[in-house]
Amino acid sequence: MRWIQKSMAKWLGQAADSPRARAPEGVTIYAVGDIHGRADLLDQLLGQISADLALGRNSRTIFAFLGDYVDRGPDSRRVIETLRQLKQNGGVHVVTLKGNHEEALLGFLDDAATGPGWADHGGRDTLLSYGVSPPKHRTDAEGWETARVQLQAALPGDHLRFLQSLDLWERIGDYVFVHAGVRPGVALHDQEERDLLWIREEFLQSGRAMDKVVVVHGHTPVEQPSIADGRIGIDTGAYATGVLTALKLQGEERTFLQTGA
């Protein structure tokens, strides 16, 4: 699979950042990496989180989903529905961030000409999950327009509102949650959307990209969660590997929950 990187950072919490970043007192955070249409793995991971919560001390719980809910896997529709219901049900504060694949889906709804490029990166699977057949040929402009209109009709209004309401970043305690990463040296409020959704090498090779906070991100698949100076990457390529990862943050503690490979 593309962009799998071998983690050269230490495993299970031995990060280089100092002093140690902390979640807010009395708060437990579960950050979940890129799901990519694997509703089955999302169900499994939520079950593991529920069991973990039952064993732990009472605290306020926050879920932070890092984007890329759609494409590549077989059930994007059910992933969105699960996350939408999770936000709606209350009881747990749920943060849902925008990934570059949600950007692509929304872009296709506005412009059928983006269809071939989107399809090449997993958009076909999303169309099929909503009962829409993509054109057989990339160059079939009329077919892509038909698919766009059909997707507009098939996409439930609450799914569209969910997609349109996704945030770009969230800061909780000493952690910033974002899909791809941040532009090093740029203040959080001055970051450009494209960098937050797409950045790779400039962020991954920068060392500590932001002072005083640790950036938790997805977007770039790794064989195992990577902990480096000032960042933690938790996209473990779920759609291809069967491993969906959640990072649990409680005080200074960092642990991981994962579905089976």
# chains A, B, ... in the order shown; residues from 1 in each chain; ligands from 1
>>> select_by_dssp(residues="segment 1-249 of chain A", states="strand (DSSP E or B)", output="PDB file with N, CA and C atoms, in the first residue's frame")
ATOM      1  N   GLN A   5       4.916   3.905   6.171  1.00  0.00           N
ATOM      2  CA  GLN A   5       6.230   4.241   6.682  1.00  0.00           C
ATOM      3  C   GLN A   5       6.552   3.366   7.878  1.00  0.00           C
ATOM      4  N   LYS A  10       9.886   5.401  19.194  1.00  0.00           N
ATOM      5  CA  LYS A  10       9.654   4.370  20.188  1.00  0.00           C
ATOM      6  C   LYS A  10       8.171   4.073  20.306  1.00  0.00           C
ATOM      7  N   VAL A  27     -10.020  14.031  32.439  1.00  0.00           N
ATOM      8  CA  VAL A  27     -10.486  13.793  31.072  1.00  0.00           C
ATOM      9  C   VAL A  27      -9.739  12.603  30.472  1.00  0.00           C
ATOM     10  N   THR A  28     -10.471  11.706  29.831  1.00  0.00           N
ATOM     11  CA  THR A  28      -9.882  10.617  29.052  1.00  0.00           C
ATOM     12  C   THR A  28     -10.202  10.849  27.587  1.00  0.00           C
ATOM     13  N   ILE A  29      -9.177  10.838  26.756  1.00  0.00           N
ATOM     14  CA  ILE A  29      -9.332  11.086  25.319  1.00  0.00           C
ATOM     15  C   ILE A  29      -9.007   9.801  24.565  1.00  0.00           C
ATOM     16  N   TYR A  30      -9.866   9.459  23.626  1.00  0.00           N
ATOM     17  CA  TYR A  30      -9.584   8.379  22.681  1.00  0.00           C
ATOM     18  C   TYR A  30      -9.544   8.994  21.278  1.00  0.00           C
ATOM     19  N   ALA A  31      -8.361   9.043  20.676  1.00  0.00           N
ATOM     20  CA  ALA A  31      -8.210   9.546  19.311  1.00  0.00           C
ATOM     21  C   ALA A  31      -8.130   8.361  18.360  1.00  0.00           C
ATOM     22  N   VAL A  32      -8.922   8.400  17.294  1.00  0.00           N
ATOM     23  CA  VAL A  32      -9.040   7.258  16.376  1.00  0.00           C
ATOM     24  C   VAL A  32      -8.498   7.637  15.003  1.00  0.00           C
ATOM     25  N   ARG A  60     -14.484  12.462  32.505  1.00  0.00           N
ATOM     26  CA  ARG A  60     -15.109  12.939  31.277  1.00  0.00           C
ATOM     27  C   ARG A  60     -14.404  12.286  30.091  1.00  0.00           C
ATOM     28  N   THR A  61     -15.169  11.833  29.121  1.00  0.00           N
ATOM     29  CA  THR A  61     -14.605  11.124  27.981  1.00  0.00           C
ATOM     30  C   THR A  61     -14.791  11.929  26.705  1.00  0.00           C
ATOM     31  N   ILE A  62     -13.728  11.995  25.909  1.00  0.00           N
ATOM     32  CA  ILE A  62     -13.759  12.676  24.613  1.00  0.00           C
ATOM     33  C   ILE A  62     -13.272  11.706  23.550  1.00  0.00           C
ATOM     34  N   PHE A  63     -14.042  11.579  22.466  1.00  0.00           N
ATOM     35  CA  PHE A  63     -13.593  10.858  21.283  1.00  0.00           C
ATOM     36  C   PHE A  63     -13.145  11.887  20.247  1.00  0.00           C
ATOM     37  N   ALA A  64     -11.972  11.671  19.663  1.00  0.00           N
ATOM     38  CA  ALA A  64     -11.480  12.542  18.580  1.00  0.00           C
ATOM     39  C   ALA A  64     -11.186  11.671  17.364  1.00  0.00           C
ATOM     40  N   PHE A  65     -12.012  11.808  16.337  1.00  0.00           N
ATOM     41  CA  PHE A  65     -11.830  11.077  15.086  1.00  0.00           C
ATOM     42  C   PHE A  65     -11.082  11.979  14.102  1.00  0.00           C
ATOM     43  N   HIS A  93     -18.381  13.423  24.601  1.00  0.00           N
ATOM     44  CA  HIS A  93     -18.102  14.519  23.674  1.00  0.00           C
ATOM     45  C   HIS A  93     -17.344  13.961  22.471  1.00  0.00           C
ATOM     46  N   VAL A  94     -17.839  14.187  21.269  1.00  0.00           N
ATOM     47  CA  VAL A  94     -17.259  13.618  20.057  1.00  0.00           C
ATOM     48  C   VAL A  94     -16.750  14.737  19.148  1.00  0.00           C
ATOM     49  N   VAL A  95     -15.483  14.681  18.839  1.00  0.00           N
ATOM     50  CA  VAL A  95     -14.850  15.599  17.892  1.00  0.00           C
ATOM     51  C   VAL A  95     -14.663  14.848  16.579  1.00  0.00           C
ATOM     52  N   THR A  96     -15.170  15.389  15.493  1.00  0.00           N
ATOM     53  CA  THR A  96     -14.981  14.769  14.173  1.00  0.00           C
ATOM     54  C   THR A  96     -14.260  15.767  13.271  1.00  0.00           C
ATOM     55  N   LEU A  97     -13.081  15.370  12.823  1.00  0.00           N
ATOM     56  CA  LEU A  97     -12.244  16.237  12.000  1.00  0.00           C
ATOM     57  C   LEU A  97     -12.349  15.859  10.526  1.00  0.00           C
ATOM     58  N   ASP A 167     -14.696  19.666  11.598  1.00  0.00           N
ATOM     59  CA  ASP A 167     -13.708  20.659  12.009  1.00  0.00           C
ATOM     60  C   ASP A 167     -12.348  20.358  11.392  1.00  0.00           C
ATOM     61  N   TRP A 169      -9.304  21.203  13.124  1.00  0.00           N
ATOM     62  CA  TRP A 169      -8.395  20.848  14.211  1.00  0.00           C
ATOM     63  C   TRP A 169      -9.094  21.053  15.539  1.00  0.00           C
ATOM     64  N   GLU A 170      -8.526  20.464  16.559  1.00  0.00           N
ATOM     65  CA  GLU A 170      -9.052  20.624  17.918  1.00  0.00           C
ATOM     66  C   GLU A 170      -7.875  20.556  18.883  1.00  0.00           C
ATOM     67  N   ARG A 171      -7.832  21.476  19.823  1.00  0.00           N
ATOM     68  CA  ARG A 171      -6.816  21.413  20.868  1.00  0.00           C
ATOM     69  C   ARG A 171      -7.490  21.015  22.176  1.00  0.00           C
ATOM     70  N   ILE A 172      -6.906  20.025  22.849  1.00  0.00           N
ATOM     71  CA  ILE A 172      -7.393  19.563  24.147  1.00  0.00           C
ATOM     72  C   ILE A 172      -6.169  19.399  25.037  1.00  0.00           C
ATOM     73  N   TYR A 175      -2.467  18.723  23.710  1.00  0.00           N
ATOM     74  CA  TYR A 175      -2.526  17.997  22.438  1.00  0.00           C
ATOM     75  C   TYR A 175      -3.346  18.758  21.412  1.00  0.00           C
ATOM     76  N   VAL A 176      -2.871  18.736  20.165  1.00  0.00           N
ATOM     77  CA  VAL A 176      -3.633  19.238  19.021  1.00  0.00           C
ATOM     78  C   VAL A 176      -3.951  18.050  18.136  1.00  0.00           C
ATOM     79  N   PHE A 177      -5.212  17.914  17.758  1.00  0.00           N
ATOM     80  CA  PHE A 177      -5.673  16.820  16.911  1.00  0.00           C
ATOM     81  C   PHE A 177      -5.982  17.377  15.528  1.00  0.00           C
ATOM     82  N   VAL A 178      -5.456  16.715  14.497  1.00  0.00           N
ATOM     83  CA  VAL A 178      -5.598  17.199  13.126  1.00  0.00           C
ATOM     84  C   VAL A 178      -5.462  15.998  12.196  1.00  0.00           C
ATOM     85  N   VAL A 214       1.694  18.621  21.518  1.00  0.00           N
ATOM     86  CA  VAL A 214       1.969  17.431  20.721  1.00  0.00           C
ATOM     87  C   VAL A 214       0.851  17.295  19.695  1.00  0.00           C
ATOM     88  N   VAL A 215       1.208  17.084  18.445  1.00  0.00           N
ATOM     89  CA  VAL A 215       0.242  16.963  17.358  1.00  0.00           C
ATOM     90  C   VAL A 215      -0.093  15.488  17.156  1.00  0.00           C
ATOM     91  N   VAL A 216      -1.369  15.150  17.283  1.00  0.00           N
ATOM     92  CA  VAL A 216      -1.855  13.795  17.036  1.00  0.00           C
ATOM     93  C   VAL A 216      -2.500  13.787  15.657  1.00  0.00           C
ATOM     94  N   HIS A 217      -2.046  12.911  14.780  1.00  0.00           N
ATOM     95  CA  HIS A 217      -2.467  12.984  13.375  1.00  0.00           C
ATOM     96  C   HIS A 217      -2.619  11.597  12.767  1.00  0.00           C
ATOM     97  N   VAL A 222       1.359   4.050   8.904  1.00  0.00           N
ATOM     98  CA  VAL A 222       2.570   3.491   9.506  1.00  0.00           C
ATOM     99  C   VAL A 222       2.275   2.062   9.947  1.00  0.00           C
ATOM    100  N   SER A 226       3.398   5.777  15.498  1.00  0.00           N
ATOM    101  CA  SER A 226       4.725   6.383  15.583  1.00  0.00           C
ATOM    102  C   SER A 226       4.696   7.551  16.551  1.00  0.00           C
ATOM    103  N   ILE A 227       5.616   7.538  17.497  1.00  0.00           N
ATOM    104  CA  ILE A 227       5.744   8.622  18.464  1.00  0.00           C
ATOM    105  C   ILE A 227       7.105   9.265  18.245  1.00  0.00           C
ATOM    106  N   ALA A 228       7.077  10.520  17.842  1.00  0.00           N
ATOM    107  CA  ALA A 228       8.305  11.259  17.583  1.00  0.00           C
ATOM    108  C   ALA A 228       8.260  12.551  18.383  1.00  0.00           C
ATOM    109  N   ARG A 231       4.936  14.817  18.017  1.00  0.00           N
ATOM    110  CA  ARG A 231       3.824  14.307  17.215  1.00  0.00           C
ATOM    111  C   ARG A 231       3.611  12.822  17.487  1.00  0.00           C
ATOM    112  N   ILE A 232       2.361  12.376  17.260  1.00  0.00           N
ATOM    113  CA  ILE A 232       2.001  10.961  17.356  1.00  0.00           C
ATOM    114  C   ILE A 232       1.135  10.626  16.148  1.00  0.00           C
ATOM    115  N   GLY A 233       1.570   9.696  15.316  1.00  0.00           N
ATOM    116  CA  GLY A 233       0.822   9.278  14.133  1.00  0.00           C
ATOM    117  C   GLY A 233       0.106   7.971  14.383  1.00  0.00           C
ATOM    118  N   THR A 245      -6.534   1.891  14.862  1.00  0.00           N
ATOM    119  CA  THR A 245      -5.870   2.251  16.107  1.00  0.00           C
ATOM    120  C   THR A 245      -6.541   3.414  16.803  1.00  0.00           C
ATOM    121  N   ALA A 246      -6.643   3.296  18.127  1.00  0.00           N
ATOM    122  CA  ALA A 246      -7.047   4.418  18.972  1.00  0.00           C
ATOM    123  C   ALA A 246      -5.930   4.707  19.964  1.00  0.00           C
ATOM    124  N   LEU A 247      -5.631   5.981  20.143  1.00  0.00           N
ATOM    125  CA  LEU A 247      -4.679   6.445  21.148  1.00  0.00           C
ATOM    126  C   LEU A 247      -5.468   6.917  22.359  1.00  0.00           C
ATOM    127  N   LYS A 248      -5.172   6.345  23.521  1.00  0.00           N
ATOM    128  CA  LYS A 248      -5.824   6.750  24.762  1.00  0.00           C
ATOM    129  C   LYS A 248      -4.898   7.677  25.532  1.00  0.00           C
ATOM    130  N   LEU A 249      -5.416   8.842  25.897  1.00  0.00           N
ATOM    131  CA  LEU A 249      -4.650   9.835  26.650  1.00  0.00           C
ATOM    132  C   LEU A 249      -5.362  10.109  27.965  1.00  0.00           C
TER     133      LEU A 249
END
>>> residues_around(residues="Arg183 of chain A", least_positions_apart="3", cutoff="7 Å", atoms="only C-alpha atoms", output="list in words")
Val186, Gln191, Asp195 and Phe203 of chain A
>>> atom_distance(atom1="atom CA of Leu66 of chain A", atom2="atom CA of Leu168 of chain A")
9.2 Å
>>> closest_atom_pairs(of="segment 91-163 of chain A", to="segment 79-85 of chain A", cutoff="12 Å", atoms="only C-alpha atoms", output="CSV")
residue,atom,partner,partner_atom,distance
A:Gly91,CA,A:Gln85,CA,11.7
A:Val92,CA,A:Gln85,CA,11.4
A:His93,CA,A:Leu83,CA,11.7
A:Val94,CA,A:Leu83,CA,8.6
A:Val95,CA,A:Leu83,CA,9.7
A:Thr96,CA,A:Leu83,CA,8.1
A:Leu97,CA,A:Leu83,CA,11.2
A:Glu102,CA,A:Ile80,CA,10.6
A:Thr126,CA,A:Val79,CA,10.6
A:Ser129,CA,A:Val79,CA,10.2
A:Tyr130,CA,A:Ile80,CA,11.2
A:Leu155,CA,A:Ile80,CA,10.7
A:Pro156,CA,A:Glu81,CA,9.6
A:Gly157,CA,A:Glu81,CA,11.4
A:Asp158,CA,A:Arg84,CA,8.0
A:His159,CA,A:Ile80,CA,6.7
A:Leu160,CA,A:Ile80,CA,9.7
A:Arg161,CA,A:Arg84,CA,9.6
A:Phe162,CA,A:Arg84,CA,6.7
A:Leu163,CA,A:Ile80,CA,8.5
>>> select_by_dssp(residues="segment 71-174 of chain A", states="alpha helix (DSSP H)", output="MDAnalysis selection string")
chainID A and resid 76:89 100:110 115:118 124:129 141:154 157:164
>>> residues_around(residues="Gly143 of chain A", least_positions_apart="2", cutoff="12 Å", atoms="only C-alpha atoms", output="PyMOL selection string")
chain A and resi 112-113+115-116+132-141+145-150
>>> closest_residue(among="A:Glu201, A:Asp120, A:Asp211, A:Asp34", to="Gly230 of chain A", atoms="only C-alpha atoms")
A:Asp211
>>> atom_distance(atom1="atom CA of Asn100 of chain A", atom2="atom CA of Gly67 of chain A")
7.7 Å
>>> residues_around(residues="Thr241 of chain A", least_positions_apart="4", cutoff="12 Å", atoms="only C-alpha atoms", output="list in words")
Met1, Ile4, Asp34, Ile35, His36, Arg38, Leu41, Gly73, Pro221, Val222, Glu223, Gln224, Asp235, Thr236, Gly237, Thr245, Gln258, Thr259, Gly260 and Ala261 of chain A
>>> write_last_selection(atoms="N, CA and C atoms", output="JSON list (two decimals), in the first residue's frame")
[["chain", "number", "residue", "atom", "x", "y", "z"],
["A", 1, "MET", "N", 0.85, -1.18, 0.00],
["A", 1, "MET", "CA", 0.00, 0.00, 0.00],
["A", 1, "MET", "C", 0.88, 1.24, 0.00],
["A", 4, "ILE", "N", 3.07, 3.64, 3.30],
["A", 4, "ILE", "CA", 3.34, 2.98, 4.57],
["A", 4, "ILE", "C", 4.76, 3.35, 4.99],
["A", 34, "ASP", "N", -7.43, 6.86, 10.79],
["A", 34, "ASP", "CA", -8.18, 6.81, 9.54],
["A", 34, "ASP", "C", -8.97, 5.51, 9.42],
["A", 35, "ILE", "N", -10.28, 5.62, 9.22],
["A", 35, "ILE", "CA", -11.17, 4.45, 9.18],
["A", 35, "ILE", "C", -11.36, 3.95, 7.75],
["A", 36, "HIS", "N", -11.50, 4.84, 6.80],
["A", 36, "HIS", "CA", -11.58, 4.50, 5.37],
["A", 36, "HIS", "C", -12.58, 3.39, 5.06],
["A", 38, "ARG", "N", -14.09, 1.16, 6.75],
["A", 38, "ARG", "CA", -14.08, -0.12, 7.47],
["A", 38, "ARG", "C", -15.00, -0.02, 8.68],
["A", 41, "LEU", "N", -14.38, -2.63, 11.43],
["A", 41, "LEU", "CA", -13.30, -2.34, 12.38],
["A", 41, "LEU", "C", -13.69, -1.23, 13.34],
["A", 73, "GLY", "N", -12.36, 1.45, 1.75],
["A", 73, "GLY", "CA", -13.06, 0.34, 2.38],
["A", 73, "GLY", "C", -14.47, 0.20, 1.84],
["A", 221, "PRO", "N", 0.03, 6.43, 6.59],
["A", 221, "PRO", "CA", -0.02, 5.12, 7.24],
["A", 221, "PRO", "C", 1.36, 4.67, 7.75],
["A", 222, "VAL", "N", 1.36, 4.05, 8.90],
["A", 222, "VAL", "CA", 2.57, 3.49, 9.51],
["A", 222, "VAL", "C", 2.28, 2.06, 9.95],
["A", 223, "GLU", "N", 3.33, 1.26, 10.06],
["A", 223, "GLU", "CA", 3.14, -0.13, 10.45],
["A", 223, "GLU", "C", 2.66, -0.25, 11.89],
["A", 224, "GLN", "N", 3.08, 0.67, 12.72],
["A", 224, "GLN", "CA", 2.61, 0.75, 14.09],
["A", 224, "GLN", "C", 2.61, 2.22, 14.47],
["A", 235, "ASP", "N", -2.41, 6.50, 12.02],
["A", 235, "ASP", "CA", -3.04, 5.86, 10.86],
["A", 235, "ASP", "C", -2.29, 4.57, 10.57],
["A", 236, "THR", "N", -2.89, 3.45, 10.91],
["A", 236, "THR", "CA", -2.24, 2.15, 10.68],
["A", 236, "THR", "C", -2.84, 1.43, 9.47],
["A", 237, "GLY", "N", -3.34, 2.19, 8.50],
["A", 237, "GLY", "CA", -3.76, 1.63, 7.22],
["A", 237, "GLY", "C", -4.90, 0.64, 7.33],
["A", 245, "THR", "N", -6.53, 1.89, 14.86],
["A", 245, "THR", "CA", -5.87, 2.25, 16.11],
["A", 245, "THR", "C", -6.54, 3.41, 16.80],
["A", 258, "GLN", "N", -6.18, -1.45, 19.65],
["A", 258, "GLN", "CA", -6.18, -1.77, 18.24],
["A", 258, "GLN", "C", -7.07, -2.97, 17.93],
["A", 259, "THR", "N", -7.64, -2.95, 16.74],
["A", 259, "THR", "CA", -8.30, -4.14, 16.25],
["A", 259, "THR", "C", -7.24, -5.13, 15.82],
["A", 260, "GLY", "N", -7.62, -6.40, 15.66],
["A", 260, "GLY", "CA", -6.65, -7.42, 15.31],
["A", 260, "GLY", "C", -6.21, -7.32, 13.86],
["A", 261, "ALA", "N", -4.98, -7.69, 13.61],
["A", 261, "ALA", "CA", -4.45, -7.66, 12.24],
["A", 261, "ALA", "C", -5.10, -8.78, 11.43]]
>>> atom_distance(atom1="atom CA of Gly122 of chain A", atom2="atom CA of Leu45 of chain A")
22.3 Å
>>> closest_residue(among="A:Gly173, A:Pro74, A:Gly56, A:Gly90", to="Pro24 of chain A", atoms="only C-alpha atoms")
A:Gly173
>>> decode(residues="segment 16-124 of chain A", atoms="C-alpha atoms", output="PDB file, in the first residue's frame")
ATOM      1  CA  ALA A  16      11.011  12.499  22.970  1.00  0.00           C
ATOM      2  CA  ASP A  17       8.936  15.535  23.900  1.00  0.00           C
ATOM      3  CA  SER A  18       9.736  17.084  27.264  1.00  0.00           C
ATOM      4  CA  PRO A  19       8.157  18.111  29.560  1.00  0.00           C
ATOM      5  CA  ARG A  20       5.553  15.400  29.154  1.00  0.00           C
ATOM      6  CA  ALA A  21       2.316  16.534  27.493  1.00  0.00           C
ATOM      7  CA  ARG A  22      -0.853  16.054  29.532  1.00  0.00           C
ATOM      8  CA  ALA A  23      -4.533  15.583  28.874  1.00  0.00           C
ATOM      9  CA  PRO A  24      -6.710  17.832  31.052  1.00  0.00           C
ATOM     10  CA  GLU A  25      -7.309  16.658  34.596  1.00  0.00           C
ATOM     11  CA  GLY A  26     -10.272  14.292  34.847  1.00  0.00           C
ATOM     12  CA  VAL A  27     -10.486  13.793  31.072  1.00  0.00           C
ATOM     13  CA  THR A  28      -9.882  10.617  29.052  1.00  0.00           C
ATOM     14  CA  ILE A  29      -9.332  11.086  25.319  1.00  0.00           C
ATOM     15  CA  TYR A  30      -9.584   8.379  22.681  1.00  0.00           C
ATOM     16  CA  ALA A  31      -8.210   9.546  19.311  1.00  0.00           C
ATOM     17  CA  VAL A  32      -9.040   7.258  16.376  1.00  0.00           C
ATOM     18  CA  GLY A  33      -7.035   7.034  13.165  1.00  0.00           C
ATOM     19  CA  ASP A  34      -8.184   6.815   9.544  1.00  0.00           C
ATOM     20  CA  ILE A  35     -11.172   4.454   9.177  1.00  0.00           C
ATOM     21  CA  HIS A  36     -11.580   4.500   5.372  1.00  0.00           C
ATOM     22  CA  GLY A  37     -14.881   2.707   5.041  1.00  0.00           C
ATOM     23  CA  ARG A  38     -14.082  -0.115   7.470  1.00  0.00           C
ATOM     24  CA  ALA A  39     -17.294   0.016   9.496  1.00  0.00           C
ATOM     25  CA  ASP A  40     -16.556  -3.477  10.796  1.00  0.00           C
ATOM     26  CA  LEU A  41     -13.297  -2.336  12.376  1.00  0.00           C
ATOM     27  CA  LEU A  42     -14.920   0.798  13.760  1.00  0.00           C
ATOM     28  CA  ASP A  43     -17.528  -1.370  15.489  1.00  0.00           C
ATOM     29  CA  GLN A  44     -14.786  -3.557  16.958  1.00  0.00           C
ATOM     30  CA  LEU A  45     -12.738  -0.625  18.179  1.00  0.00           C
ATOM     31  CA  LEU A  46     -15.719   1.123  19.759  1.00  0.00           C
ATOM     32  CA  GLY A  47     -16.449  -2.133  21.572  1.00  0.00           C
ATOM     33  CA  GLN A  48     -12.887  -2.229  22.887  1.00  0.00           C
ATOM     34  CA  ILE A  49     -13.127   1.392  24.006  1.00  0.00           C
ATOM     35  CA  SER A  50     -16.413   0.681  25.765  1.00  0.00           C
ATOM     36  CA  ALA A  51     -14.833  -2.234  27.620  1.00  0.00           C
ATOM     37  CA  ASP A  52     -11.819  -0.100  28.500  1.00  0.00           C
ATOM     38  CA  LEU A  53     -14.055   2.635  29.873  1.00  0.00           C
ATOM     39  CA  ALA A  54     -15.885   0.119  32.032  1.00  0.00           C
ATOM     40  CA  LEU A  55     -12.598  -0.866  33.681  1.00  0.00           C
ATOM     41  CA  GLY A  56     -11.295   2.643  34.263  1.00  0.00           C
ATOM     42  CA  ARG A  57     -11.914   5.380  36.759  1.00  0.00           C
ATOM     43  CA  ASN A  58     -14.801   7.745  36.126  1.00  0.00           C
ATOM     44  CA  SER A  59     -13.846  10.779  34.081  1.00  0.00           C
ATOM     45  CA  ARG A  60     -15.109  12.939  31.277  1.00  0.00           C
ATOM     46  CA  THR A  61     -14.605  11.124  27.981  1.00  0.00           C
ATOM     47  CA  ILE A  62     -13.759  12.676  24.613  1.00  0.00           C
ATOM     48  CA  PHE A  63     -13.593  10.858  21.283  1.00  0.00           C
ATOM     49  CA  ALA A  64     -11.480  12.542  18.580  1.00  0.00           C
ATOM     50  CA  PHE A  65     -11.830  11.077  15.086  1.00  0.00           C
ATOM     51  CA  LEU A  66      -9.047  12.276  12.787  1.00  0.00           C
ATOM     52  CA  GLY A  67     -10.776  12.180   9.393  1.00  0.00           C
ATOM     53  CA  ASP A  68     -10.714   9.967   6.293  1.00  0.00           C
ATOM     54  CA  TYR A  69     -13.895   8.114   7.183  1.00  0.00           C
ATOM     55  CA  VAL A  70     -14.736   7.378   3.540  1.00  0.00           C
ATOM     56  CA  ASP A  71     -13.174   5.734   0.451  1.00  0.00           C
ATOM     57  CA  ARG A  72     -11.158   2.544  -0.085  1.00  0.00           C
ATOM     58  CA  GLY A  73     -13.060   0.335   2.375  1.00  0.00           C
ATOM     59  CA  PRO A  74     -16.460  -1.186   1.539  1.00  0.00           C
ATOM     60  CA  ASP A  75     -18.841   0.639   3.898  1.00  0.00           C
ATOM     61  CA  SER A  76     -18.295   4.396   4.000  1.00  0.00           C
ATOM     62  CA  ARG A  77     -21.998   4.999   4.396  1.00  0.00           C
ATOM     63  CA  ARG A  78     -22.210   3.008   7.622  1.00  0.00           C
ATOM     64  CA  VAL A  79     -19.054   4.629   9.005  1.00  0.00           C
ATOM     65  CA  ILE A  80     -20.615   8.064   8.588  1.00  0.00           C
ATOM     66  CA  GLU A  81     -23.891   6.888  10.075  1.00  0.00           C
ATOM     67  CA  THR A  82     -22.113   5.375  13.090  1.00  0.00           C
ATOM     68  CA  LEU A  83     -20.152   8.557  13.766  1.00  0.00           C
ATOM     69  CA  ARG A  84     -23.200  10.746  13.220  1.00  0.00           C
ATOM     70  CA  GLN A  85     -25.228   8.743  15.726  1.00  0.00           C
ATOM     71  CA  LEU A  86     -22.341   8.746  18.190  1.00  0.00           C
ATOM     72  CA  LYS A  87     -22.302  12.547  18.105  1.00  0.00           C
ATOM     73  CA  GLN A  88     -26.070  12.767  18.334  1.00  0.00           C
ATOM     74  CA  ASN A  89     -26.482  10.351  21.248  1.00  0.00           C
ATOM     75  CA  GLY A  90     -24.596  12.515  23.747  1.00  0.00           C
ATOM     76  CA  GLY A  91     -22.954  11.230  26.906  1.00  0.00           C
ATOM     77  CA  VAL A  92     -19.530  11.404  25.274  1.00  0.00           C
ATOM     78  CA  HIS A  93     -18.102  14.519  23.674  1.00  0.00           C
ATOM     79  CA  VAL A  94     -17.259  13.618  20.057  1.00  0.00           C
ATOM     80  CA  VAL A  95     -14.850  15.599  17.892  1.00  0.00           C
ATOM     81  CA  THR A  96     -14.981  14.769  14.173  1.00  0.00           C
ATOM     82  CA  LEU A  97     -12.244  16.237  12.000  1.00  0.00           C
ATOM     83  CA  LYS A  98     -12.088  16.626   8.238  1.00  0.00           C
ATOM     84  CA  GLY A  99      -9.716  14.542   6.137  1.00  0.00           C
ATOM     85  CA  ASN A 100      -8.613  14.980   2.548  1.00  0.00           C
ATOM     86  CA  HIS A 101     -10.984  12.186   1.485  1.00  0.00           C
ATOM     87  CA  GLU A 102     -14.005  14.032   2.897  1.00  0.00           C
ATOM     88  CA  GLU A 103     -12.763  17.085   1.012  1.00  0.00           C
ATOM     89  CA  ALA A 104     -12.710  14.991  -2.177  1.00  0.00           C
ATOM     90  CA  LEU A 105     -16.234  13.658  -1.632  1.00  0.00           C
ATOM     91  CA  LEU A 106     -17.612  17.158  -1.100  1.00  0.00           C
ATOM     92  CA  GLY A 107     -15.657  18.363  -4.112  1.00  0.00           C
ATOM     93  CA  PHE A 108     -17.265  15.723  -6.308  1.00  0.00           C
ATOM     94  CA  LEU A 109     -20.723  16.800  -5.174  1.00  0.00           C
ATOM     95  CA  ASP A 110     -19.896  20.247  -6.552  1.00  0.00           C
ATOM     96  CA  ASP A 111     -17.977  19.249  -9.673  1.00  0.00           C
ATOM     97  CA  ALA A 112     -18.275  15.950 -11.549  1.00  0.00           C
ATOM     98  CA  ALA A 113     -14.962  16.640 -13.297  1.00  0.00           C
ATOM     99  CA  THR A 114     -13.164  15.619 -10.097  1.00  0.00           C
ATOM    100  CA  GLY A 115     -14.726  12.143 -10.289  1.00  0.00           C
ATOM    101  CA  PRO A 116     -11.910  10.263 -12.064  1.00  0.00           C
ATOM    102  CA  GLY A 117      -9.265  11.502  -9.640  1.00  0.00           C
ATOM    103  CA  TRP A 118     -11.470  10.791  -6.640  1.00  0.00           C
ATOM    104  CA  ALA A 119     -12.273   7.314  -7.969  1.00  0.00           C
ATOM    105  CA  ASP A 120      -8.567   6.523  -8.338  1.00  0.00           C
ATOM    106  CA  HIS A 121      -8.138   7.086  -4.596  1.00  0.00           C
ATOM    107  CA  GLY A 122     -11.081   5.064  -3.332  1.00  0.00           C
ATOM    108  CA  GLY A 123     -14.082   7.149  -4.338  1.00  0.00           C
ATOM    109  CA  ARG A 124     -15.593   4.253  -6.281  1.00  0.00           C
TER     110      ARG A 124
END
